file coords_36.pdb (PDB, C-alpha atoms)
ATOM      1  CA  MET A   1      81.486  18.415  -0.546
ATOM      2  CA  ALA A   2      80.489  17.182   2.911
ATOM      3  CA  PRO A   3      79.837  20.182   5.120
ATOM      4  CA  PRO A   4      82.438  19.972   7.891
ATOM      5  CA  ALA A   5      80.452  20.830  10.997
ATOM      6  CA  ALA A   6      83.566  21.132  13.124
ATOM      7  CA  PRO A   7      85.076  24.121  14.983
ATOM      8  CA  ALA A   8      87.764  26.106  13.167
ATOM      9  CA  GLU A   9      90.414  25.792  15.901
ATOM     10  CA  ALA A  10      90.194  21.998  15.580
ATOM     11  CA  THR A  11      90.164  21.910  11.786
ATOM     12  CA  ARG A  12      93.153  24.179  11.187
ATOM     13  CA  PRO A  13      95.853  21.670  12.285
ATOM     14  CA  ILE A  14      94.079  18.975  10.276
ATOM     15  CA  LEU A  15      94.151  21.148   7.205
ATOM     16  CA  ARG A  16      97.870  21.793   7.742
ATOM     17  CA  ASP A  17      98.612  18.054   8.035
ATOM     18  CA  ALA A  18      96.480  17.325   4.975
ATOM     19  CA  LEU A  19      98.403  19.867   2.928
ATOM     20  CA  GLY A  20     101.727  18.456   4.144
ATOM     21  CA  ILE A  21     100.727  14.970   3.070
ATOM     22  CA  ALA A  22      99.464  16.265  -0.266
ATOM     23  CA  VAL A  23     102.682  18.173  -1.037
ATOM     24  CA  ALA A  24     104.811  15.124  -0.190
ATOM     25  CA  SER A  25     102.659  12.895  -2.390
ATOM     26  CA  GLY A  26     102.805  15.466  -5.185
ATOM     27  CA  ALA A  27     106.559  14.934  -5.256
ATOM     28  CA  TYR A  28     105.905  11.229  -5.374
ATOM     29  CA  ALA A  29     103.499  11.750  -8.277
ATOM     30  CA  ILE A  30     106.220  13.563 -10.230
ATOM     31  CA  ALA A  31     108.241  10.346  -9.974
ATOM     32  CA  PHE A  32     105.208   8.359 -11.139
ATOM     33  CA  GLY A  33     104.649  10.590 -14.159
ATOM     34  CA  ALA A  34     108.317  10.263 -15.065
ATOM     35  CA  ILE A  35     108.477   6.466 -14.663
ATOM     36  CA  SER A  36     105.193   5.932 -16.504
ATOM     37  CA  THR A  37     106.376   8.001 -19.466
ATOM     38  CA  ALA A  38     109.764   6.260 -19.452
ATOM     39  CA  ALA A  39     107.916   2.900 -19.481
ATOM     40  CA  GLY A  40     106.263   3.928 -22.749
ATOM     41  CA  LEU A  41     102.792   4.918 -21.565
ATOM     42  CA  THR A  42     101.278   7.960 -23.258
ATOM     43  CA  LEU A  43     100.416  11.161 -21.429
ATOM     44  CA  PRO A  44      96.627  10.454 -21.488
ATOM     45  CA  GLN A  45      97.199   6.898 -20.209
ATOM     46  CA  THR A  46      99.380   8.214 -17.406
ATOM     47  CA  LEU A  47      96.789  10.834 -16.455
ATOM     48  CA  VAL A  48      93.920   8.315 -16.503
ATOM     49  CA  MET A  49      95.861   6.135 -14.083
ATOM     50  CA  SER A  50      96.427   9.001 -11.657
ATOM     51  CA  SER A  51      92.830  10.238 -11.774
ATOM     52  CA  VAL A  52      90.871   6.966 -11.985
ATOM     53  CA  MET A  53      93.153   4.343 -10.414
ATOM     54  CA  PHE A  54      94.458   6.969  -7.934
ATOM     55  CA  THR A  55      96.345   4.609  -5.652
ATOM     56  CA  GLY A  56     100.114   4.993  -5.651
ATOM     57  CA  ALA A  57     101.477   1.495  -5.146
ATOM     58  CA  SER A  58      99.187   0.042  -7.836
ATOM     59  CA  GLN A  59     100.165   2.740 -10.310
ATOM     60  CA  PHE A  60     103.887   2.263  -9.719
ATOM     61  CA  ALA A  61     103.476  -1.516  -9.980
ATOM     62  CA  MET A  62     101.645  -1.346 -13.289
ATOM     63  CA  VAL A  63     104.157   0.940 -14.986
ATOM     64  CA  GLY A  64     107.018  -0.949 -13.312
ATOM     65  CA  VAL A  65     105.906  -4.258 -14.808
ATOM     66  CA  ILE A  66     105.331  -2.724 -18.245
ATOM     67  CA  GLY A  67     108.648  -0.875 -18.149
ATOM     68  CA  GLY A  68     110.375  -4.127 -17.176
ATOM     69  CA  GLY A  69     109.129  -5.816 -20.329
ATOM     70  CA  GLY A  70     106.135  -7.577 -18.756
ATOM     71  CA  SER A  71     102.753  -7.762 -20.449
ATOM     72  CA  VAL A  72     100.258  -4.997 -19.773
ATOM     73  CA  TRP A  73      97.891  -7.590 -18.290
ATOM     74  CA  ALA A  74     100.478  -8.840 -15.809
ATOM     75  CA  GLY A  75     100.862  -5.169 -14.859
ATOM     76  CA  ALA A  76      97.113  -4.708 -14.549
ATOM     77  CA  PHE A  77      96.741  -7.833 -12.402
ATOM     78  CA  THR A  78      99.523  -6.736 -10.041
ATOM     79  CA  ALA A  79      97.958  -3.280  -9.762
ATOM     80  CA  VAL A  80      94.566  -4.718  -8.827
ATOM     81  CA  LEU A  81      96.113  -7.066  -6.246
ATOM     82  CA  LEU A  82      97.883  -4.137  -4.625
ATOM     83  CA  GLY A  83      94.579  -2.247  -4.645
ATOM     84  CA  THR A  84      92.735  -4.887  -2.588
ATOM     85  CA  ARG A  85      93.764  -3.254   0.671
ATOM     86  CA  ASN A  86      91.713  -0.180  -0.233
ATOM     87  CA  ALA A  87      88.529  -2.277  -0.015
ATOM     88  CA  PHE A  88      89.380  -2.944   3.609
ATOM     89  CA  TYR A  89      90.110   0.702   4.271
ATOM     90  CA  SER A  90      86.751   1.750   2.874
ATOM     91  CA  LEU A  91      85.062  -0.985   4.896
ATOM     92  CA  ARG A  92      86.669   0.434   7.991
ATOM     93  CA  LEU A  93      85.678   3.983   7.029
ATOM     94  CA  ALA A  94      82.072   3.202   6.049
ATOM     95  CA  SER A  95      80.569   3.700   9.507
ATOM     96  CA  LEU A  96      82.596   6.866  10.132
ATOM     97  CA  LEU A  97      81.886   8.547   6.798
ATOM     98  CA  GLN A  98      78.158   7.695   6.642
ATOM     99  CA  VAL A  99      78.053   8.678   2.974
ATOM    100  CA  ARG A 100      74.912   8.068   0.967
ATOM    101  CA  GLY A 101      73.780   8.841  -2.554
ATOM    102  CA  ARG A 102      75.864  10.975  -4.855
ATOM    103  CA  LEU A 103      78.686  11.555  -2.369
ATOM    104  CA  ARG A 104      79.485   7.868  -2.081
ATOM    105  CA  PRO A 105      81.225   7.419  -5.474
ATOM    106  CA  LEU A 106      83.315  10.503  -4.694
ATOM    107  CA  ALA A 107      84.179   9.351  -1.171
ATOM    108  CA  ALA A 108      85.209   5.955  -2.546
ATOM    109  CA  GLN A 109      87.796   7.525  -4.827
ATOM    110  CA  PHE A 110      89.457   9.226  -1.855
ATOM    111  CA  VAL A 111      89.950   5.987   0.123
ATOM    112  CA  LEU A 112      93.726   5.545   0.440
ATOM    113  CA  ASP A 113      96.419   4.770   2.995
ATOM    114  CA  GLU A 114      96.792   8.456   3.804
ATOM    115  CA  THR A 115      93.111   9.468   4.062
ATOM    116  CA  THR A 116      92.330   6.403   6.182
ATOM    117  CA  ALA A 117      95.181   7.140   8.567
ATOM    118  CA  MET A 118      94.112  10.790   8.857
ATOM    119  CA  ALA A 119      90.414   9.937   9.389
ATOM    120  CA  ILE A 120      90.717   7.182  11.991
ATOM    121  CA  ALA A 121      93.230   9.149  14.063
ATOM    122  CA  ARG A 122      90.464  11.505  15.349
ATOM    123  CA  ASP A 123      88.316  10.880  18.420
ATOM    124  CA  ASP A 124      85.516  13.174  17.217
ATOM    125  CA  PRO A 125      83.761  11.618  14.199
ATOM    126  CA  ARG A 126      83.076  15.095  12.759
ATOM    127  CA  LEU A 127      86.798  15.789  12.750
ATOM    128  CA  GLY A 128      87.440  12.342  11.287
ATOM    129  CA  ARG A 129      85.135  13.139   8.385
ATOM    130  CA  TYR A 130      86.732  16.555   7.953
ATOM    131  CA  ALA A 131      90.218  14.990   7.914
ATOM    132  CA  PHE A 132      89.106  12.441   5.331
ATOM    133  CA  TRP A 133      87.669  14.984   2.918
ATOM    134  CA  ALA A 134      90.411  17.569   3.392
ATOM    135  CA  THR A 135      93.166  15.008   2.841
ATOM    136  CA  GLY A 136      91.316  13.436  -0.096
ATOM    137  CA  VAL A 137      90.761  16.689  -1.987
ATOM    138  CA  ALA A 138      94.301  17.988  -1.340
ATOM    139  CA  LEU A 139      95.915  14.668  -2.280
ATOM    140  CA  PHE A 140      93.902  14.288  -5.466
ATOM    141  CA  THR A 141      94.850  17.796  -6.584
ATOM    142  CA  PHE A 142      98.580  17.465  -5.890
ATOM    143  CA  TRP A 143      98.775  13.871  -7.111
ATOM    144  CA  ASN A 144      97.369  14.688 -10.542
ATOM    145  CA  THR A 145      99.311  17.933 -10.891
ATOM    146  CA  GLY A 146     102.542  16.127  -9.966
ATOM    147  CA  THR A 147     101.810  13.358 -12.448
ATOM    148  CA  LEU A 148     101.334  15.866 -15.261
ATOM    149  CA  LEU A 149     104.581  17.681 -14.408
ATOM    150  CA  GLY A 150     106.606  14.457 -14.189
ATOM    151  CA  ALA A 151     105.222  13.124 -17.462
ATOM    152  CA  LEU A 152     105.796  16.379 -19.360
ATOM    153  CA  ALA A 153     109.342  16.715 -18.031
ATOM    154  CA  THR A 154     110.190  13.146 -19.050
ATOM    155  CA  GLN A 155     108.746  13.557 -22.540
ATOM    156  CA  ALA A 156     111.452  16.150 -23.068
ATOM    157  CA  ILE A 157     114.182  13.585 -22.312
ATOM    158  CA  SER A 158     115.327  11.368 -25.177
ATOM    159  CA  ASP A 159     116.844   8.467 -23.192
ATOM    160  CA  PRO A 160     115.529   8.047 -19.627
ATOM    161  CA  LYS A 161     118.394   5.681 -18.802
ATOM    162  CA  VAL A 162     120.902   8.526 -19.049
ATOM    163  CA  PHE A 163     119.200  10.067 -16.020
ATOM    164  CA  GLY A 164     119.096   6.725 -14.186
ATOM    165  CA  LEU A 165     115.294   6.659 -14.328
ATOM    166  CA  ASP A 166     115.305   2.854 -14.507
ATOM    167  CA  ALA A 167     116.727   2.884 -10.982
ATOM    168  CA  ALA A 168     113.822   5.051  -9.799
ATOM    169  CA  VAL A 169     111.268   2.211  -9.752
ATOM    170  CA  PRO A 170     112.997  -0.070  -7.219
ATOM    171  CA  ALA A 171     113.866   2.962  -5.075
ATOM    172  CA  ALA A 172     110.237   4.118  -5.108
ATOM    173  CA  PHE A 173     109.031   0.659  -4.087
ATOM    174  CA  LEU A 174     111.670   0.504  -1.362
ATOM    175  CA  ALA A 175     110.411   3.776   0.108
ATOM    176  CA  LEU A 176     106.863   2.351   0.077
ATOM    177  CA  LEU A 177     107.899  -0.983   1.562
ATOM    178  CA  ALA A 178     110.245   0.171   4.339
ATOM    179  CA  PRO A 179     107.553   1.394   6.781
ATOM    180  CA  ARG A 180     105.865  -2.036   6.580
ATOM    181  CA  LEU A 181     108.995  -3.954   7.569
ATOM    182  CA  ARG A 182     109.289  -3.055  11.240
ATOM    183  CA  ALA A 183     108.384  -6.557  12.506
ATOM    184  CA  ARG A 184     110.257  -9.805  11.878
ATOM    185  CA  GLU A 185     107.527 -11.656   9.946
ATOM    186  CA  PRO A 186     106.957  -8.993   7.270
ATOM    187  CA  PHE A 187     110.711  -8.749   6.815
ATOM    188  CA  ALA A 188     111.017 -12.514   6.310
ATOM    189  CA  ILE A 189     108.100 -12.484   3.867
ATOM    190  CA  ALA A 190     109.721  -9.663   1.893
ATOM    191  CA  VAL A 191     113.043 -11.528   1.650
ATOM    192  CA  VAL A 192     111.393 -14.789   0.570
ATOM    193  CA  ALA A 193     109.233 -12.974  -1.991
ATOM    194  CA  ALA A 194     112.282 -11.266  -3.514
ATOM    195  CA  VAL A 195     114.235 -14.547  -3.692
ATOM    196  CA  VAL A 196     111.304 -16.436  -5.245
ATOM    197  CA  ALA A 197     110.757 -13.720  -7.847
ATOM    198  CA  ILE A 198     114.418 -13.810  -8.895
ATOM    199  CA  ALA A 199     114.588 -17.609  -8.838
ATOM    200  CA  VAL A 200     111.640 -18.160 -11.202
ATOM    201  CA  LEU A 201     112.344 -15.159 -13.430
ATOM    202  CA  PRO A 202     114.525 -16.871 -16.101
ATOM    203  CA  PHE A 203     111.951 -19.628 -16.616
ATOM    204  CA  VAL A 204     108.627 -17.794 -17.050
ATOM    205  CA  PRO A 205     107.376 -14.833 -19.132
ATOM    206  CA  ALA A 206     107.974 -11.331 -17.723
ATOM    207  CA  GLY A 207     105.365 -10.327 -15.159
ATOM    208  CA  VAL A 208     104.575 -13.927 -14.187
ATOM    209  CA  PRO A 209     107.053 -14.021 -11.243
ATOM    210  CA  LEU A 210     104.807 -11.440  -9.546
ATOM    211  CA  LEU A 211     101.764 -13.642 -10.020
ATOM    212  CA  ILE A 212     103.629 -16.611  -8.537
ATOM    213  CA  VAL A 213     104.630 -14.520  -5.518
ATOM    214  CA  ALA A 214     101.044 -13.288  -5.146
ATOM    215  CA  VAL A 215      99.624 -16.821  -5.185
ATOM    216  CA  LEU A 216     102.224 -18.061  -2.686
ATOM    217  CA  VAL A 217     101.658 -15.235  -0.213
ATOM    218  CA  GLY A 218      97.902 -15.646  -0.613
ATOM    219  CA  LEU A 219      98.134 -19.340   0.222
ATOM    220  CA  PHE A 220     100.475 -18.602   3.117
ATOM    221  CA  GLY A 221      98.098 -16.028   4.585
ATOM    222  CA  LEU A 222      94.963 -18.098   4.173
ATOM    223  CA  LEU A 223      96.299 -21.542   5.178
ATOM    224  CA  ARG A 224      98.585 -20.571   8.046
ATOM    225  CA  PRO A 225      96.981 -21.531  11.396
TER     226      PRO A 225
ATOM    227  CA  MET B 226      95.868  -3.143 -25.734
ATOM    228  CA  THR B 227      97.658  -0.845 -23.309
ATOM    229  CA  TRP B 228      94.581   1.374 -23.163
ATOM    230  CA  THR B 229      92.316  -1.564 -22.348
ATOM    231  CA  ALA B 230      94.614  -2.748 -19.567
ATOM    232  CA  VAL B 231      94.948   0.777 -18.148
ATOM    233  CA  ILE B 232      91.183   1.257 -18.089
ATOM    234  CA  VAL B 233      90.389  -2.217 -16.721
ATOM    235  CA  ALA B 234      92.983  -1.917 -13.943
ATOM    236  CA  SER B 235      91.940   1.647 -13.089
ATOM    237  CA  VAL B 236      88.241   0.825 -12.919
ATOM    238  CA  ALA B 237      88.943  -2.357 -10.926
ATOM    239  CA  CYS B 238      91.032  -0.434  -8.389
ATOM    240  CA  TYR B 239      88.246   2.133  -8.060
ATOM    241  CA  GLY B 240      85.686  -0.680  -7.718
ATOM    242  CA  LEU B 241      87.644  -2.144  -4.810
ATOM    243  CA  LYS B 242      87.434   1.192  -2.989
ATOM    244  CA  LEU B 243      83.711   1.457  -3.671
ATOM    245  CA  ALA B 244      83.080  -2.156  -2.624
ATOM    246  CA  GLY B 245      84.088  -1.515   0.981
ATOM    247  CA  LEU B 246      81.611   1.355   1.240
ATOM    248  CA  ALA B 247      78.799  -0.442  -0.544
ATOM    249  CA  LEU B 248      79.042  -4.090   0.515
ATOM    250  CA  PRO B 249      77.637  -5.474   3.786
ATOM    251  CA  GLU B 250      80.317  -5.286   6.465
ATOM    252  CA  ARG B 251      80.479  -8.988   7.288
ATOM    253  CA  TRP B 252      81.575  -9.900   3.752
ATOM    254  CA  LEU B 253      85.071  -8.629   4.308
ATOM    255  CA  GLN B 254      85.376  -9.206   8.022
ATOM    256  CA  ASN B 255      87.037 -12.602   7.922
ATOM    257  CA  GLN B 256      90.271 -12.437   9.952
ATOM    258  CA  ARG B 257      92.288 -14.635   7.609
ATOM    259  CA  VAL B 258      91.267 -12.568   4.604
ATOM    260  CA  GLN B 259      92.238  -9.342   6.370
ATOM    261  CA  ARG B 260      95.612 -10.743   7.404
ATOM    262  CA  THR B 261      96.331 -11.992   3.903
ATOM    263  CA  VAL B 262      95.427  -8.662   2.349
ATOM    264  CA  ALA B 263      97.958  -6.980   4.648
ATOM    265  CA  LEU B 264     100.699  -9.367   3.490
ATOM    266  CA  ILE B 265     100.122  -8.998  -0.264
ATOM    267  CA  PRO B 266     101.670  -5.524  -0.665
ATOM    268  CA  ILE B 267     104.738  -6.563   1.341
ATOM    269  CA  ALA B 268     105.437  -9.587  -0.859
ATOM    270  CA  LEU B 269     104.644  -7.820  -4.145
ATOM    271  CA  LEU B 270     106.677  -4.704  -3.374
ATOM    272  CA  ALA B 271     109.671  -6.848  -2.364
ATOM    273  CA  ALA B 272     109.360  -8.887  -5.570
ATOM    274  CA  LEU B 273     109.052  -5.692  -7.636
ATOM    275  CA  ILE B 274     112.227  -4.296  -6.050
ATOM    276  CA  ALA B 275     114.155  -7.488  -6.795
ATOM    277  CA  ILE B 276     112.922  -7.672 -10.390
ATOM    278  CA  GLY B 277     113.488  -3.988 -11.066
ATOM    279  CA  THR B 278     117.044  -4.269  -9.763
ATOM    280  CA  PHE B 279     118.291  -7.581 -11.129
ATOM    281  CA  ALA B 280     116.221  -8.303 -14.241
ATOM    282  CA  THR B 281     116.446  -7.131 -17.827
ATOM    283  CA  GLY B 282     113.591  -8.882 -19.536
ATOM    284  CA  ARG B 283     114.017 -12.530 -18.530
ATOM    285  CA  HIS B 284     117.755 -12.282 -17.861
ATOM    286  CA  LEU B 285     119.368 -11.722 -14.503
ATOM    287  CA  VAL B 286     122.048  -9.051 -14.703
ATOM    288  CA  LEU B 287     124.250  -7.233 -12.235
ATOM    289  CA  ASP B 288     124.653  -3.599 -13.279
ATOM    290  CA  VAL B 289     124.597  -0.084 -11.843
ATOM    291  CA  ARG B 290     121.046  -0.578 -10.597
ATOM    292  CA  VAL B 291     122.384  -2.730  -7.740
ATOM    293  CA  ALA B 292     124.541   0.166  -6.545
ATOM    294  CA  ALA B 293     121.540   2.487  -6.976
ATOM    295  CA  LEU B 294     119.406   0.242  -4.761
ATOM    296  CA  GLY B 295     122.205   0.147  -2.165
ATOM    297  CA  VAL B 296     122.224   3.947  -2.056
ATOM    298  CA  ALA B 297     118.418   3.953  -1.790
ATOM    299  CA  ILE B 298     118.591   1.542   1.172
ATOM    300  CA  VAL B 299     121.059   3.815   2.943
ATOM    301  CA  ALA B 300     118.793   6.803   2.238
ATOM    302  CA  VAL B 301     115.774   4.964   3.654
ATOM    303  CA  LEU B 302     117.734   3.946   6.775
ATOM    304  CA  LEU B 303     118.661   7.615   7.227
ATOM    305  CA  ARG B 304     114.919   8.410   7.015
ATOM    306  CA  ALA B 305     115.360  10.569   3.928
ATOM    307  CA  PRO B 306     112.148  11.880   2.327
ATOM    308  CA  PHE B 307     110.686   9.978  -0.614
ATOM    309  CA  LEU B 308     111.976  12.174  -3.401
ATOM    310  CA  VAL B 309     115.495  12.168  -1.947
ATOM    311  CA  VAL B 310     115.508   8.348  -1.912
ATOM    312  CA  VAL B 311     114.437   8.190  -5.559
ATOM    313  CA  ALA B 312     116.722  11.009  -6.699
ATOM    314  CA  ALA B 313     119.727   9.467  -4.927
ATOM    315  CA  ALA B 314     119.109   6.155  -6.699
ATOM    316  CA  CYS B 315     118.710   7.857 -10.107
ATOM    317  CA  ALA B 316     121.823   9.963  -9.602
ATOM    318  CA  THR B 317     123.869   6.895  -8.614
ATOM    319  CA  ALA B 318     122.817   4.980 -11.723
ATOM    320  CA  ALA B 319     123.332   7.982 -14.008
ATOM    321  CA  LEU B 320     126.788   8.832 -12.614
ATOM    322  CA  LEU B 321     128.047   5.230 -12.714
ATOM    323  CA  ARG B 322     126.966   4.964 -16.361
ATOM    324  CA  LEU B 323     129.207   7.887 -17.226
ATOM    325  CA  PHE B 324     132.320   5.875 -16.328
TER     326      PHE B 324
END

call {"tool": "encode", "arguments": {"input": "coords_36.pdb", "output": "structure tokens"}}
result
Amino acid sequence: MAPPAAPAEATRPILRDALGIAVASGAYAIAFGAISTAAGLTLPQTLVMSSVMFTGASQFAMVGVIGGGGSVWAGAFTAVLLGTRNAFYSLRLASLLQVRGRLRPLAAQFVLDETTAMAIARDDPRLGRYAFWATGVALFTFWNTGTLLGALATQAISDPKVFGLDAAVPAAFLALLAPRLRAREPFAIAVVAAVVAIAVLPFVPAGVPLLIVAVLVGLFGLLRP
Amino acid sequence: MTWTAVIVASVACYGLKLAGLALPERWLQNQRVQRTVALIPIALLAALIAIGTFATGRHLVLDVRVAALGVAIVAVLLRAPFLVVVAAACATAALLRLF
């Protein structure tokens, strides 16, 4: 682990925030484990997603598409598209983290919405690095523990629909989406994307509406003046 | 098949994280690319919500999931924590199915 060369009085509140984030995301991971199991993925598959993919929106998208009857590859493609933003987070973090050698593959795995937000919020780069590693380690621990608990609990249920678990996926996505909708343009894009997805759905194989939405928003973003 | 897709998607998502740390900075610094990347999750999450609420396979259906999403929207507007939003939606769907 990167030695945090920062004073204790400055690191304590960071550690507290990191733990708070990790506990909240652990609850979120319970929902992931449950939805993934209800979608028909095995326990090992669910655990591999939480430990290797380790990026919430992508994981929910993949099991959401599969659970909705889409092909596993449509799910995989959607997951990867949602993961693109992490490349930009790690780009932004590269100069702050200054990781070389063996630490780099480990640091890469911890690049997420939460760790990026925690790291770039500090003025002192030492504290930024401390926040990154503390949040990353805590999140990874709680995320994978939560996933295991959610998956095991759901395996014990015979019909997930009885517990309304099919309604969990849209609600989980809504909670992820809401903070991004504060401005008018994102809101309009969200509405159009939802309408397009529903409009094309009866005419194409399951999973494909997401690809159509992805292509359209990509073109919109790249071609708009 | 599922295993292959899980592994490919997981490794690809990890690779994207590693790319930003390993690639030269200017590769990803294009403004249009950055803006587009910010829009992708918004559009995909919105589409996923719509599909998860109104679709069963390739058919559009109106069932208890619509009410569940309505409850989730109210919960989000009330700034409820994540698990409360999800649990409220599940409970709504489960209770309405009882009747």

call {"tool": "resolve_selection", "arguments": {"input": "coords_36.pdb", "expression": "the PyMOL selection byres ((chain B and resi 263) around 10)", "output": "PyMOL selection string"}}
result
(chain A and resi 82+84-85+88+180+186+221) or (chain B and resi 257-262+264-268)

call {"tool": "resolve_selection", "arguments": {"input": "coords_36.pdb", "expression": "the PyMOL selection byres ((chain A and resi 191) around 12)", "output": "ChimeraX atom specification"}}
result
/A:177,181,184-190,192-198,213 /B:267-275

call {"tool": "resolve_selection", "arguments": {"input": "coords_36.pdb", "expression": "the PyMOL selection byres ((chain B and resi 322) around 9)", "output": "list in words"}}
result
Lys161, Val162 and Gly164 of chain A; Val289, Thr317, Ala318, Ala319, Leu320, Leu321, Leu323 and Phe324 of chain B

call {"tool": "residues_around", "arguments": {"input": "coords_36.pdb", "residues": "A:Asp124", "least_positions_apart": "2", "cutoff": "12 Å", "atoms": "all atoms listed in the file", "output": "PyMOL selection string"}}
result
chain A and resi 4-7+10-11+96-97+119-122+126-131

call {"tool": "write_last_selection", "arguments": {"input": "coords_36.pdb", "atoms": "C-alpha atoms", "output": "short mmCIF file (atom, residue, chain, number, x, y, z; two decimals), keeping the file's coordinate frame"}}
result
data_model
loop_
_atom_site.label_atom_id
_atom_site.label_comp_id
_atom_site.auth_asym_id
_atom_site.auth_seq_id
_atom_site.Cartn_x
_atom_site.Cartn_y
_atom_site.Cartn_z
CA PRO A 4 82.44 19.97 7.89
CA ALA A 5 80.45 20.83 11.00
CA ALA A 6 83.57 21.13 13.12
CA PRO A 7 85.08 24.12 14.98
CA ALA A 10 90.19 22.00 15.58
CA THR A 11 90.16 21.91 11.79
CA LEU A 96 82.60 6.87 10.13
CA LEU A 97 81.89 8.55 6.80
CA ALA A 119 90.41 9.94 9.39
CA ILE A 120 90.72 7.18 11.99
CA ALA A 121 93.23 9.15 14.06
CA ARG A 122 90.46 11.50 15.35
CA ARG A 126 83.08 15.10 12.76
CA LEU A 127 86.80 15.79 12.75
CA GLY A 128 87.44 12.34 11.29
CA ARG A 129 85.14 13.14 8.38
CA TYR A 130 86.73 16.56 7.95
CA ALA A 131 90.22 14.99 7.91
#

call {"tool": "axis_aligned_box", "arguments": {"input": "coords_36.pdb", "around": "stretch 14-26 of chain A", "padding_each_side": "4 Å", "output": "JSON"}}
result
{"center_x": 99.4, "center_y": 17.3, "center_z": 2.5, "size_x": 18.7, "size_y": 16.9, "size_z": 23.5}

call {"tool": "residues_near_point", "arguments": {"input": "coords_36.pdb", "point": "(95.4, 19.8, 10.8)", "cutoff": "10 Å", "atoms": "all atoms listed in the file", "output": "number ranges by chain"}}
result
A: 9-20, 118, 127, 130-131, 134-135

call {"tool": "atom_distance", "arguments": {"input": "coords_36.pdb", "atom1": "atom CA of B:Val299", "atom2": "atom CA of A:Ile66"}}
result
27.2 Å

call {"tool": "residues_near_point", "arguments": {"input": "coords_36.pdb", "point": "(91.2, 7.9, 2.8)", "cutoff": "9 Å", "atoms": "only C-alpha atoms", "output": "PDB file with C-alpha atoms, in the coordinates of the input"}}
result
ATOM      1  CA  ASN A  86      91.713  -0.180  -0.233  1.00  0.00           C
ATOM      2  CA  TYR A  89      90.110   0.702   4.271  1.00  0.00           C
ATOM      3  CA  SER A  90      86.751   1.750   2.874  1.00  0.00           C
ATOM      4  CA  LEU A  93      85.678   3.983   7.029  1.00  0.00           C
ATOM      5  CA  ALA A 107      84.179   9.351  -1.171  1.00  0.00           C
ATOM      6  CA  ALA A 108      85.209   5.955  -2.546  1.00  0.00           C
ATOM      7  CA  GLN A 109      87.796   7.525  -4.827  1.00  0.00           C
ATOM      8  CA  PHE A 110      89.457   9.226  -1.855  1.00  0.00           C
ATOM      9  CA  VAL A 111      89.950   5.987   0.123  1.00  0.00           C
ATOM     10  CA  LEU A 112      93.726   5.545   0.440  1.00  0.00           C
ATOM     11  CA  ASP A 113      96.419   4.770   2.995  1.00  0.00           C
ATOM     12  CA  GLU A 114      96.792   8.456   3.804  1.00  0.00           C
ATOM     13  CA  THR A 115      93.111   9.468   4.062  1.00  0.00           C
ATOM     14  CA  THR A 116      92.330   6.403   6.182  1.00  0.00           C
ATOM     15  CA  ALA A 117      95.181   7.140   8.567  1.00  0.00           C
ATOM     16  CA  MET A 118      94.112  10.790   8.857  1.00  0.00           C
ATOM     17  CA  ALA A 119      90.414   9.937   9.389  1.00  0.00           C
ATOM     18  CA  ALA A 131      90.218  14.990   7.914  1.00  0.00           C
ATOM     19  CA  PHE A 132      89.106  12.441   5.331  1.00  0.00           C
ATOM     20  CA  TRP A 133      87.669  14.984   2.918  1.00  0.00           C
ATOM     21  CA  THR A 135      93.166  15.008   2.841  1.00  0.00           C
ATOM     22  CA  GLY A 136      91.316  13.436  -0.096  1.00  0.00           C
TER      23      GLY A 136
END

call {"tool": "closest_residue", "arguments": {"input": "coords_36.pdb", "among": "A:Phe60, A:Ile35, A:Leu211, A:Leu165", "to": "chain B", "atoms": "all atoms listed in the file"}}
result
A:Leu165

call {"tool": "residues_around", "arguments": {"input": "coords_36.pdb", "residues": "stretch 238-247 of chain B", "least_positions_apart": "2", "cutoff": "6 Å", "atoms": "only C-alpha atoms", "output": "PDB file with C-alpha atoms, in the coordinates of the input"}}
result
ATOM      1  CA  MET A  53      93.153   4.343 -10.414  1.00  0.00           C
ATOM      2  CA  VAL A  80      94.566  -4.718  -8.827  1.00  0.00           C
ATOM      3  CA  GLY A  83      94.579  -2.247  -4.645  1.00  0.00           C
ATOM      4  CA  ASN A  86      91.713  -0.180  -0.233  1.00  0.00           C
ATOM      5  CA  ALA A  87      88.529  -2.277  -0.015  1.00  0.00           C
ATOM      6  CA  SER A  90      86.751   1.750   2.874  1.00  0.00           C
ATOM      7  CA  LEU A  91      85.062  -0.985   4.896  1.00  0.00           C
ATOM      8  CA  ALA A  94      82.072   3.202   6.049  1.00  0.00           C
ATOM      9  CA  ALA A 108      85.209   5.955  -2.546  1.00  0.00           C
TER      10      ALA A 108
ATOM     11  CA  SER B 235      91.940   1.647 -13.089  1.00  0.00           C
ATOM     12  CA  VAL B 236      88.241   0.825 -12.919  1.00  0.00           C
TER      13      VAL B 236
END

call {"tool": "closest_residue", "arguments": {"input": "coords_36.pdb", "among": "A:Ile212, A:Val137, A:Ala76, A:Ala156", "to": "chain B", "atoms": "only C-alpha atoms"}}
result
A:Ala76

call {"tool": "residues_around", "arguments": {"input": "coords_36.pdb", "residues": "A:Gly64", "least_positions_apart": "2", "cutoff": "9 Å", "atoms": "all atoms listed in the file", "output": "list in words"}}
result
Ile35, Ser36, Ala39, Gln59, Phe60, Ala61, Met62, Ile66, Gly67, Gly68, Gly69, Gly70, Gly75, Val169 and Pro170 of chain A; Leu273 and Gly277 of chain B

call {"tool": "atom_distance", "arguments": {"input": "coords_36.pdb", "atom1": "atom CA of A:Leu201", "atom2": "atom CA of B:Arg283"}}
result
6.0 Å
